[in-house]
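Report on the following structure.
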Amino acid sequence: MLHLRSHAELKSWRESLSPAVCLGLVPTMGALHGGHASLLEQAVSDNDIALASVFVNPLQFNEGADFKRYPRTLDEDCALLESYGMDAVYLPDREDMYPDGYETRVRPGPGGELFEGDQRPGHFEGMLTVVLKLFLRIAPDRAYFGEKDAQQLWLVRRMAADLDLPMEVVGCRTVREINGLAMSSRNAFLSPEQRDDAAAIHRAMLATREVFRAGEREIARLERILVEGIHEAQSLHVEYAQVVDDRTFRPADPADQGSWRVVVAARMEQTRLIDNLRLGRA
Ligand code: PAF
């Protein structure tokens, strides 16, 4: 696997590829885990060449402490990427991505205002900025994002459509631990007991979906079931637990025949966990 350590190295590698080659990109912040498996596998199987990027993007951390604390496991990450058959990895540093004097940001529209956008001011602006820079530098035919970060995936799709980016944004299924907890780099901060408690999020989402499938369309009741289910684990503190319209990433409207999804963010001590599950058509 090729290690591309700067924009210049990336550029000359990209220019060496035939225009006929189909290139897949998996953007990551490293600390790779089983949850990245679905992205890597799909990128390798869909494309002639698969490239990952590893960059802990300072712009998308609204708390400096969170940026410092973010796990960094570069050697293990590169070994894992190679084992999945990735052809190359782009490893920019801060100066390479944001040279002296850098100040431009990509601002999301209203679909980025609520939920994660509300809880983490500036997060989506920083995320879209780095993703657009990666897209422009790499010019992938496809880019892969996890459905676990549903609002992020929605915003990246929106940006690609709004800015006419000539590429496909592919959503990949959420990978879960046996107990249902969505795999995430932040799970590394949880003890085995906390991981068991955190599985209450998935159970609560499944219980809500069951009630939805039985015909319940009253949003307040669905959200009550969701919150009560999460609170079965006393160590979980809900930041939001809501039913959203998948098409707009705004709160679901009972008068509209949208496609509904539950989205959850909860804190367990210092660790923030997010998850979501599609309910289906309302
Ligand atoms: O999901 C992530 O790991 C990050 O938000 C991303 C897409 C790599 C941008 O930094």
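In the structure tokens, each chain is lettered A, B, ... as it comes, each chain's residues begin at 1, and ligands are numbered from 1 in order of appearance.
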For chain A against ligand 1, with a cut-off of 7 Å and counting only C-alpha atoms and all ligand atoms, what is the closest atom pair and its distance in Å to one decimal for every residue that makes the cut, ordered by chain and number, as CSV?
```
residue,atom,partner,partner_atom_place_in_ligand_line,distance
A:Pro27,CA,ligand 1,8 (C),4.4
A:Thr28,CA,ligand 1,8 (C),3.6
A:Met29,CA,ligand 1,3 (O),4.6
A:Phe55,CA,ligand 1,10 (O),6.7
A:Val56,CA,ligand 1,10 (O),6.5
A:Asn57,CA,ligand 1,10 (O),5.3
A:Met127,CA,ligand 1,9 (C),4.9
A:Val130,CA,ligand 1,10 (O),6.1
A:Val131,CA,ligand 1,9 (C),5.7
A:Phe145,CA,ligand 1,7 (C),6.8
A:Asp149,CA,ligand 1,1 (O),6.9
```
Neighbouring residues of Ala200 (chain A) were defined as those with any atom within 7 Å, considering only C-alpha atoms; residues of the same chain fewer than 3 positions away were excluded. Please report them as a PDB file with all heavy atoms, in the first residue's frame.
```pdb
ATOM      1  N   ASP A 197     -24.029  -1.305  29.039  1.00  0.00           N
ATOM      2  CA  ASP A 197     -25.084  -0.319  29.349  1.00  0.00           C
ATOM      3  C   ASP A 197     -25.455   0.477  28.098  1.00  0.00           C
ATOM      4  O   ASP A 197     -26.623   0.766  27.850  1.00  0.00           O
ATOM      5  CB  ASP A 197     -24.593   0.673  30.420  1.00  0.00           C
ATOM      6  CG  ASP A 197     -24.616   0.031  31.804  1.00  0.00           C
ATOM      7  OD1 ASP A 197     -25.124  -1.107  31.915  1.00  0.00           O
ATOM      8  OD2 ASP A 197     -24.126   0.675  32.753  1.00  0.00           O
ATOM      9  N   ARG A 203     -31.340  -1.040  21.770  1.00  0.00           N
ATOM     10  CA  ARG A 203     -32.595  -1.695  22.182  1.00  0.00           C
ATOM     11  C   ARG A 203     -33.755  -0.701  22.113  1.00  0.00           C
ATOM     12  O   ARG A 203     -34.845  -1.029  21.657  1.00  0.00           O
ATOM     13  CB  ARG A 203     -32.462  -2.253  23.611  1.00  0.00           C
ATOM     14  CG  ARG A 203     -31.676  -3.561  23.688  1.00  0.00           C
ATOM     15  CD  ARG A 203     -31.934  -4.267  25.012  1.00  0.00           C
ATOM     16  NE  ARG A 203     -31.560  -3.445  26.158  1.00  0.00           N
ATOM     17  CZ  ARG A 203     -30.323  -3.348  26.646  1.00  0.00           C
ATOM     18  NH1 ARG A 203     -29.342  -4.040  26.084  1.00  0.00           N
ATOM     19  NH2 ARG A 203     -30.066  -2.575  27.687  1.00  0.00           N
ATOM     20  N   ALA A 204     -33.506   0.528  22.562  1.00  0.00           N
ATOM     21  CA  ALA A 204     -34.575   1.539  22.571  1.00  0.00           C
ATOM     22  C   ALA A 204     -35.003   1.884  21.137  1.00  0.00           C
ATOM     23  O   ALA A 204     -36.189   2.085  20.864  1.00  0.00           O
ATOM     24  CB  ALA A 204     -34.088   2.790  23.289  1.00  0.00           C
ATOM     25  N   GLY A 229     -36.530   4.068  26.862  1.00  0.00           N
ATOM     26  CA  GLY A 229     -35.688   2.886  26.612  1.00  0.00           C
ATOM     27  C   GLY A 229     -34.223   3.202  26.866  1.00  0.00           C
ATOM     28  O   GLY A 229     -33.499   2.405  27.468  1.00  0.00           O
ATOM     29  N   ILE A 230     -33.772   4.369  26.420  1.00  0.00           N
ATOM     30  CA  ILE A 230     -32.355   4.730  26.625  1.00  0.00           C
ATOM     31  C   ILE A 230     -32.073   4.877  28.124  1.00  0.00           C
ATOM     32  O   ILE A 230     -31.041   4.439  28.637  1.00  0.00           O
ATOM     33  CB  ILE A 230     -32.013   6.038  25.873  1.00  0.00           C
ATOM     34  CG1 ILE A 230     -32.198   5.855  24.374  1.00  0.00           C
ATOM     35  CG2 ILE A 230     -30.579   6.476  26.176  1.00  0.00           C
ATOM     36  CD1 ILE A 230     -32.183   7.145  23.571  1.00  0.00           C
ATOM     37  N   GLU A 232     -33.158   3.299  30.467  1.00  0.00           N
ATOM     38  CA  GLU A 232     -33.034   2.043  31.222  1.00  0.00           C
ATOM     39  C   GLU A 232     -31.596   1.866  31.696  1.00  0.00           C
ATOM     40  O   GLU A 232     -31.333   1.191  32.680  1.00  0.00           O
ATOM     41  CB  GLU A 232     -33.490   0.863  30.374  1.00  0.00           C
ATOM     42  CG  GLU A 232     -34.994   0.700  30.482  1.00  0.00           C
ATOM     43  CD  GLU A 232     -35.545  -0.419  29.644  1.00  0.00           C
ATOM     44  OE1 GLU A 232     -34.778  -1.320  29.253  1.00  0.00           O
ATOM     45  OE2 GLU A 232     -36.758  -0.365  29.371  1.00  0.00           O
ATOM     46  N   ALA A 233     -30.662   2.466  30.964  1.00  0.00           N
ATOM     47  CA  ALA A 233     -29.268   2.510  31.454  1.00  0.00           C
ATOM     48  C   ALA A 233     -29.111   3.850  32.173  1.00  0.00           C
ATOM     49  O   ALA A 233     -29.127   4.902  31.525  1.00  0.00           O
ATOM     50  CB  ALA A 233     -28.293   2.400  30.296  1.00  0.00           C
TER      51      ALA A 233
END
```
* Structure fact -> The residue from A:Ser53, A:Gln60, A:Gln257, A:Asn179 with the smallest atom-to-atom distance to His3 (chain A), counting only C-alpha atoms, is A:Ser53
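Every residue of region 168-221 of chain A found in helix (DSSP H, G or I) when DSSP is run on the backbone appears here: Ser185, Arg186, Asn187, Ala188, Phe189, Pro192, Glu193, Gln194, Arg195, Asp196, Asp197, Ala198, Ala200, Ile201, His202, Arg203, Ala204, Met205, Leu206, Ala207, Thr208, Arg209, Glu210, Val211, Phe212, Arg213, Ile219, Ala220 and Arg221 of chain A.
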* **Polymer residues at most 12 Å from region 169-176 of chain A, only C-alpha atoms, same-chain spacing of 6 or more positions, as a PyMOL selection string** => chain A and resi 24-27+33-43+46+131+135+140-161+182-184+187+195+198-199+201-202+274-278
* Asked: Any idea what's packed within 8 Å of His237 (chain A), counting only C-alpha atoms, ignoring anything in its chain fewer than 3 positions away? Could you give it as number ranges by chain?
  -> A: 231, 234, 266-268
Please write the residues from the selection above to a file, keeping C-alpha atoms, as a compact mmCIF listing (two decimals), in the first residue's frame.
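Now in out_33.txt:
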```txt
# COMPACT_ATOMS: atom_id res chain seq x y z
CA HIS A 231 -32.81 5.71 30.26
CA GLN A 234 -28.97 5.06 34.27
CA ALA A 266 -26.33 10.40 24.60
CA ARG A 267 -23.46 10.95 26.96
CA MET A 268 -21.89 8.34 29.17
```
Applying 10 Å and only C-alpha atoms, which residues near Asp66 (chain A) remain after dropping the ones on its own chain fewer than 6 positions away? List them as an mmCIF file with N, CA, C and O atoms, in the first residue's frame.
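Contents of around23.cif, freshly written:
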```cif
data_model
loop_
_atom_site.group_PDB
_atom_site.id
_atom_site.type_symbol
_atom_site.label_atom_id
_atom_site.label_comp_id
_atom_site.auth_asym_id
_atom_site.auth_seq_id
_atom_site.Cartn_x
_atom_site.Cartn_y
_atom_site.Cartn_z
ATOM 1 N N PRO A 58 -8.743 19.154 12.813
ATOM 2 C CA PRO A 58 -8.974 20.026 13.971
ATOM 3 C C PRO A 58 -10.204 20.915 13.811
ATOM 4 O O PRO A 58 -10.839 21.266 14.795
ATOM 5 N N GLN A 270 -17.761 11.174 30.052
ATOM 6 C CA GLN A 270 -17.187 12.129 29.075
ATOM 7 C C GLN A 270 -17.463 11.737 27.622
ATOM 8 O O GLN A 270 -17.155 12.495 26.706
ATOM 9 N N THR A 271 -17.987 10.523 27.427
ATOM 10 C CA THR A 271 -18.051 9.987 26.060
ATOM 11 C C THR A 271 -19.421 10.210 25.435
ATOM 12 O O THR A 271 -20.435 9.848 26.025
#
```
Would you mind listing, for every residue of region 30-105 of chain A within 12 Å of region 8-13 of chain A, the two atoms forming the shortest contact and the distance between them in Å to one decimal, using only C-alpha atoms, sorted by chain and ascending residue number, as CSV?
```
residue,atom,partner,partner_atom,distance
A:Ile49,CA,A:Trp13,CA,11.8
A:Leu51,CA,A:Leu10,CA,10.4
A:Ala52,CA,A:Leu10,CA,11.6
A:Ser53,CA,A:Leu10,CA,10.6
A:Asp87,CA,A:Trp13,CA,11.4
A:Ala88,CA,A:Leu10,CA,9.6
A:Val89,CA,A:Leu10,CA,9.2
A:Tyr90,CA,A:Leu10,CA,7.0
A:Leu91,CA,A:Leu10,CA,9.3
A:Pro92,CA,A:Leu10,CA,9.4
A:Asp96,CA,A:Ala8,CA,9.2
A:Met97,CA,A:Ala8,CA,11.3
```
Write out the residues from the selection above, keeping N, CA and C atoms, as a short mmCIF file (atom, residue, chain, number, x, y, z; two decimals), in the first residue's frame.
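Dumped to part_21.cif:
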```cif
data_model
loop_
_atom_site.label_atom_id
_atom_site.label_comp_id
_atom_site.auth_asym_id
_atom_site.auth_seq_id
_atom_site.Cartn_x
_atom_site.Cartn_y
_atom_site.Cartn_z
N ILE A 49 -9.35 1.20 -8.00
CA ILE A 49 -8.34 1.64 -7.03
C ILE A 49 -9.08 2.19 -5.81
N LEU A 51 -8.58 4.25 -2.14
CA LEU A 51 -7.69 5.11 -1.36
C LEU A 51 -8.41 5.50 -0.08
N ALA A 52 -7.69 5.46 1.06
CA ALA A 52 -8.25 5.99 2.31
C ALA A 52 -7.47 7.23 2.68
N SER A 53 -8.11 8.14 3.41
CA SER A 53 -7.34 9.24 3.99
C SER A 53 -7.45 9.12 5.50
N ASP A 87 -5.33 0.37 -1.84
CA ASP A 87 -4.15 0.57 -2.68
C ASP A 87 -3.25 1.66 -2.15
N ALA A 88 -3.85 2.66 -1.51
CA ALA A 88 -3.04 3.81 -1.06
C ALA A 88 -3.72 4.47 0.11
N VAL A 89 -2.92 5.20 0.91
CA VAL A 89 -3.47 5.99 2.00
C VAL A 89 -2.86 7.39 1.94
N TYR A 90 -3.72 8.39 2.08
CA TYR A 90 -3.26 9.78 2.10
C TYR A 90 -3.20 10.23 3.56
N LEU A 91 -2.01 10.71 3.97
CA LEU A 91 -1.77 11.05 5.38
C LEU A 91 -1.32 12.51 5.50
N PRO A 92 -2.22 13.45 5.23
CA PRO A 92 -1.79 14.85 5.32
C PRO A 92 -1.58 15.24 6.78
N ASP A 96 -0.24 20.64 5.75
CA ASP A 96 -0.53 20.23 4.39
C ASP A 96 -1.99 20.55 4.03
N MET A 97 -2.88 20.37 5.01
CA MET A 97 -4.32 20.58 4.76
C MET A 97 -4.68 22.06 4.89
#
```
Using the chain letters and numbers from this document, which residues of region 57-240 of chain A does DSSP assign to strand (DSSP E), as a PDB file with C-alpha atoms, in the first residue's frame?
```pdb
ATOM      1  CA  ALA A  88      -3.043   3.808  -1.062  1.00  0.00           C
ATOM      2  CA  VAL A  89      -3.470   5.995   2.004  1.00  0.00           C
ATOM      3  CA  TYR A  90      -3.260   9.782   2.099  1.00  0.00           C
ATOM      4  CA  ARG A 142     -17.113   7.381  -5.312  1.00  0.00           C
ATOM      5  CA  ALA A 143     -16.703   8.312  -1.664  1.00  0.00           C
ATOM      6  CA  TYR A 144     -17.850   6.144   1.242  1.00  0.00           C
ATOM      7  CA  PHE A 145     -19.421   7.311   4.515  1.00  0.00           C
ATOM      8  CA  GLY A 146     -20.984   5.357   7.382  1.00  0.00           C
ATOM      9  CA  GLU A 168     -21.245   9.384  -6.055  1.00  0.00           C
ATOM     10  CA  VAL A 169     -21.572   9.513  -2.264  1.00  0.00           C
ATOM     11  CA  VAL A 170     -22.147   5.971  -0.987  1.00  0.00           C
ATOM     12  CA  GLY A 171     -23.678   5.258   2.438  1.00  0.00           C
ATOM     13  CA  CYS A 172     -22.484   2.090   4.192  1.00  0.00           C
ATOM     14  CA  LEU A 236     -26.782   7.382  29.797  1.00  0.00           C
ATOM     15  CA  HIS A 237     -27.796  11.049  29.551  1.00  0.00           C
ATOM     16  CA  VAL A 238     -29.822  11.886  26.468  1.00  0.00           C
ATOM     17  CA  GLU A 239     -28.824  14.992  24.479  1.00  0.00           C
ATOM     18  CA  TYR A 240     -31.456  14.396  21.827  1.00  0.00           C
TER      19      TYR A 240
END
```
* **Contacts of Val262 (chain A) at 9 Å (only C-alpha atoms; same-chain gap of 4+ positions) as a ChimeraX atom specification** => /A:205,208-209,223,226,241-245,275-279
Put those residues in a file: N, CA and C atoms, as a PDB file, in the first residue's frame.
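Saved the output as selection17.pdb:
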```
ATOM      1  N   MET A 205     -34.035   1.946  20.227  1.00  0.00           N
ATOM      2  CA  MET A 205     -34.385   2.254  18.834  1.00  0.00           C
ATOM      3  C   MET A 205     -35.197   1.106  18.224  1.00  0.00           C
ATOM      4  N   THR A 208     -38.708   1.246  19.501  1.00  0.00           N
ATOM      5  CA  THR A 208     -39.459   2.332  18.850  1.00  0.00           C
ATOM      6  C   THR A 208     -39.896   1.896  17.453  1.00  0.00           C
ATOM      7  N   ARG A 209     -38.981   1.215  16.754  1.00  0.00           N
ATOM      8  CA  ARG A 209     -39.328   0.759  15.398  1.00  0.00           C
ATOM      9  C   ARG A 209     -40.464  -0.271  15.425  1.00  0.00           C
ATOM     10  N   GLU A 223     -41.142   9.157  20.473  1.00  0.00           N
ATOM     11  CA  GLU A 223     -39.950   9.735  21.125  1.00  0.00           C
ATOM     12  C   GLU A 223     -39.916   9.392  22.614  1.00  0.00           C
ATOM     13  N   LEU A 226     -38.585   5.962  22.943  1.00  0.00           N
ATOM     14  CA  LEU A 226     -37.140   6.002  22.670  1.00  0.00           C
ATOM     15  C   LEU A 226     -36.364   6.481  23.907  1.00  0.00           C
ATOM     16  N   ALA A 241     -33.117  12.768  21.252  1.00  0.00           N
ATOM     17  CA  ALA A 241     -33.630  11.472  20.811  1.00  0.00           C
ATOM     18  C   ALA A 241     -34.913  11.805  20.070  1.00  0.00           C
ATOM     19  N   GLN A 242     -34.837  11.877  18.758  1.00  0.00           N
ATOM     20  CA  GLN A 242     -35.959  12.416  17.986  1.00  0.00           C
ATOM     21  C   GLN A 242     -36.242  11.626  16.721  1.00  0.00           C
ATOM     22  N   VAL A 243     -37.441  11.834  16.215  1.00  0.00           N
ATOM     23  CA  VAL A 243     -37.813  11.251  14.922  1.00  0.00           C
ATOM     24  C   VAL A 243     -37.593  12.342  13.867  1.00  0.00           C
ATOM     25  N   VAL A 244     -36.806  12.021  12.829  1.00  0.00           N
ATOM     26  CA  VAL A 244     -36.543  13.011  11.783  1.00  0.00           C
ATOM     27  C   VAL A 244     -37.045  12.500  10.438  1.00  0.00           C
ATOM     28  N   ASP A 245     -37.248  13.447   9.535  1.00  0.00           N
ATOM     29  CA  ASP A 245     -37.568  13.110   8.155  1.00  0.00           C
ATOM     30  C   ASP A 245     -36.237  12.916   7.421  1.00  0.00           C
ATOM     31  N   ASP A 275     -26.235   7.490  17.407  1.00  0.00           N
ATOM     32  CA  ASP A 275     -26.724   6.329  16.668  1.00  0.00           C
ATOM     33  C   ASP A 275     -28.035   6.718  15.977  1.00  0.00           C
ATOM     34  N   ASN A 276     -28.506   5.873  15.093  1.00  0.00           N
ATOM     35  CA  ASN A 276     -29.773   6.153  14.408  1.00  0.00           C
ATOM     36  C   ASN A 276     -30.290   4.873  13.797  1.00  0.00           C
ATOM     37  N   LEU A 277     -31.582   4.874  13.496  1.00  0.00           N
ATOM     38  CA  LEU A 277     -32.209   3.706  12.861  1.00  0.00           C
ATOM     39  C   LEU A 277     -33.374   4.187  12.007  1.00  0.00           C
ATOM     40  N   ARG A 278     -33.437   3.648  10.810  1.00  0.00           N
ATOM     41  CA  ARG A 278     -34.546   4.018   9.924  1.00  0.00           C
ATOM     42  C   ARG A 278     -35.810   3.324  10.395  1.00  0.00           C
ATOM     43  N   LEU A 279     -36.896   4.069  10.519  1.00  0.00           N
ATOM     44  CA  LEU A 279     -38.172   3.455  10.922  1.00  0.00           C
ATOM     45  C   LEU A 279     -38.905   2.948   9.690  1.00  0.00           C
TER      46      LEU A 279
END
```
Excluding Glu95 (chain A) and residues on its chain fewer than 5 positions from it, collect all residues at most 10 Å away from it, counting only C-alpha atoms, and give them as a compact mmCIF listing (two decimals) with C-alpha atoms, in the first residue's frame.
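So the final result, stored in result-v4.txt, reads:
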```
# COMPACT_ATOMS: atom_id res chain seq x y z
CA SER A 6 1.60 15.40 1.19
CA ASP A 100 -0.51 29.32 6.91
CA TYR A 102 -5.93 29.32 5.50
```
